[in-house]
Amino acid sequence: QVQLEESGGGLVQAGGSLRLSCAASINILSLRVMAWFRQTPGNERELVARLVNGGHTDYADSVKGRFTISGDRSKNTFYLQMNSLKPEDTAVYYCYTNLDPARRYWGQGTQVTVSS
């Protein structure tokens with residue numbers, strides 16, 4: 001079992017920055033993948049960024065060049081740095097991880113609102 005605790009959401013003006021944090025209850029070196037998803041009302045959850053154990057990263061086209069996913073082994077925490085935020089980035093953001101395909105875990109979600 002892995003617990004994920006998110007923090008860092010809030011309200012920001014367009015062009016601003018936020019950093020989301022996801023603290024894991026175990027050593028993040030044990031995690032196969034660390035990722036951030038987001039969801040808006042009436043829509044499916046979409047992948048925003050992914051960090052695979054080993055260092056490979058993937059980003060949604062809509063956030064490339066603006067968002068960065070990273071991990072801190074000393075804190076068992078991974079992050080999503082969001083710069084140049086746009087109103088269309090407004091969503092509930094969820095962190096995600098898995099130990100294997102059958103053991104998947106989600107954070108509780110944090111609201112990010114970008115005003116124009």
# chains A, B, ... in the order shown; residues from 1 in each chain; ligands from 1

call {"tool": "select_by_dssp", "arguments": {"residues": "chain A", "states": "strand (DSSP E or B)", "output": "PyMOL selection string"}}
result
chain A and resi 4-7+10-13+18-24+33-39+46-52+57-59+67-72+77-82+91-100+103-106+110-115

call {"tool": "atom_distance", "arguments": {"atom1": "CA of Asn98 in chain A", "atom2": "CA of Gly42 in chain A"}}
result
25.5 Å

call {"tool": "residues_around", "arguments": {"residues": "Leu31 in chain A", "least_positions_apart": "5", "cutoff": "7 Å", "atoms": "only C-alpha atoms", "output": "PyMOL selection string"}}
result
chain A and resi 53+97-99

call {"tool": "write_last_selection", "arguments": {"atoms": "C-alpha atoms", "output": "PDB file, in the first residue's frame"}}
result
ATOM      1  CA  ASN A  53      11.991   5.217 -12.765  1.00  0.00           C
ATOM      2  CA  THR A  97       2.058   6.077  -8.990  1.00  0.00           C
ATOM      3  CA  ASN A  98       2.264   2.331  -9.310  1.00  0.00           C
ATOM      4  CA  LEU A  99       4.446  -0.477  -8.027  1.00  0.00           C
TER       5      LEU A  99
END

call {"tool": "residues_around", "arguments": {"residues": "Tyr94 in chain A", "least_positions_apart": "5", "cutoff": "8 Å", "atoms": "only C-alpha atoms", "output": "ChimeraX atom specification"}}
result
/A:6,36-38,106-110

call {"tool": "closest_residue", "arguments": {"among": "A:Gly10, A:Asn27, A:Ala35, A:Arg73", "to": "Arg104 in chain A", "atoms": "only C-alpha atoms"}}
result
A:Ala35

call {"tool": "select_by_dssp", "arguments": {"residues": "chain A", "states": "helix (DSSP H, G or I)", "output": "list in words"}}
result
Ile28, Leu29, Ser30, Pro87, Glu88 and Asp89 of chain A

call {"tool": "residues_around", "arguments": {"residues": "Ser116 in chain A", "least_positions_apart": "5", "cutoff": "10 Å", "atoms": "only C-alpha atoms", "output": "PyMOL selection string"}}
result
chain A and resi 12-15+85-88

call {"tool": "write_last_selection", "arguments": {"atoms": "C-alpha atoms", "output": "short mmCIF file (atom, residue, chain, number, x, y, z; two decimals), in the first residue's frame"}}
result
data_model
loop_
_atom_site.label_atom_id
_atom_site.label_comp_id
_atom_site.auth_asym_id
_atom_site.auth_seq_id
_atom_site.Cartn_x
_atom_site.Cartn_y
_atom_site.Cartn_z
CA VAL A 12 -2.94 32.13 -9.61
CA GLN A 13 -3.12 34.71 -12.38
CA ALA A 14 -2.38 33.77 -15.97
CA GLY A 15 1.36 33.80 -16.56
CA LEU A 85 0.04 29.08 -16.47
CA LYS A 86 -3.00 29.58 -18.68
CA PRO A 87 -6.71 29.62 -17.80
CA GLU A 88 -7.07 26.32 -19.66
#

call {"tool": "closest_residue", "arguments": {"among": "A:Leu51, A:Leu18, A:Ala23, A:Leu29", "to": "Val112 in chain A", "atoms": "only C-alpha atoms"}}
result
A:Leu18

call {"tool": "residues_around", "arguments": {"residues": "Asp72 in chain A", "least_positions_apart": "6", "cutoff": "9 Å", "atoms": "only C-alpha atoms", "output": "PyMOL selection string"}}
result
chain A and resi 28+78-79

call {"tool": "write_last_selection", "arguments": {"atoms": "C-alpha atoms", "output": "short mmCIF file (atom, residue, chain, number, x, y, z; two decimals), in the first residue's frame"}}
result
data_model
loop_
_atom_site.label_atom_id
_atom_site.label_comp_id
_atom_site.auth_asym_id
_atom_site.auth_seq_id
_atom_site.Cartn_x
_atom_site.Cartn_y
_atom_site.Cartn_z
CA ILE A 28 10.21 6.76 -4.40
CA PHE A 78 7.75 14.26 -6.52
CA TYR A 79 6.75 17.58 -7.97
#

call {"tool": "closest_residue", "arguments": {"among": "A:Leu20, A:Ala60, A:Ile26, A:Val33", "to": "Gln81 in chain A", "atoms": "only C-alpha atoms"}}
result
A:Leu20

call {"tool": "closest_residue", "arguments": {"among": "A:Leu47, A:Cys22, A:Ser74, A:Ser17", "to": "Glu5 in chain A", "atoms": "only C-alpha atoms"}}
result
A:Cys22

call {"tool": "closest_residue", "arguments": {"among": "A:Pro41, A:Gly65, A:Pro101, A:Gly55", "to": "Met82 in chain A", "atoms": "only C-alpha atoms"}}
result
A:Gly65
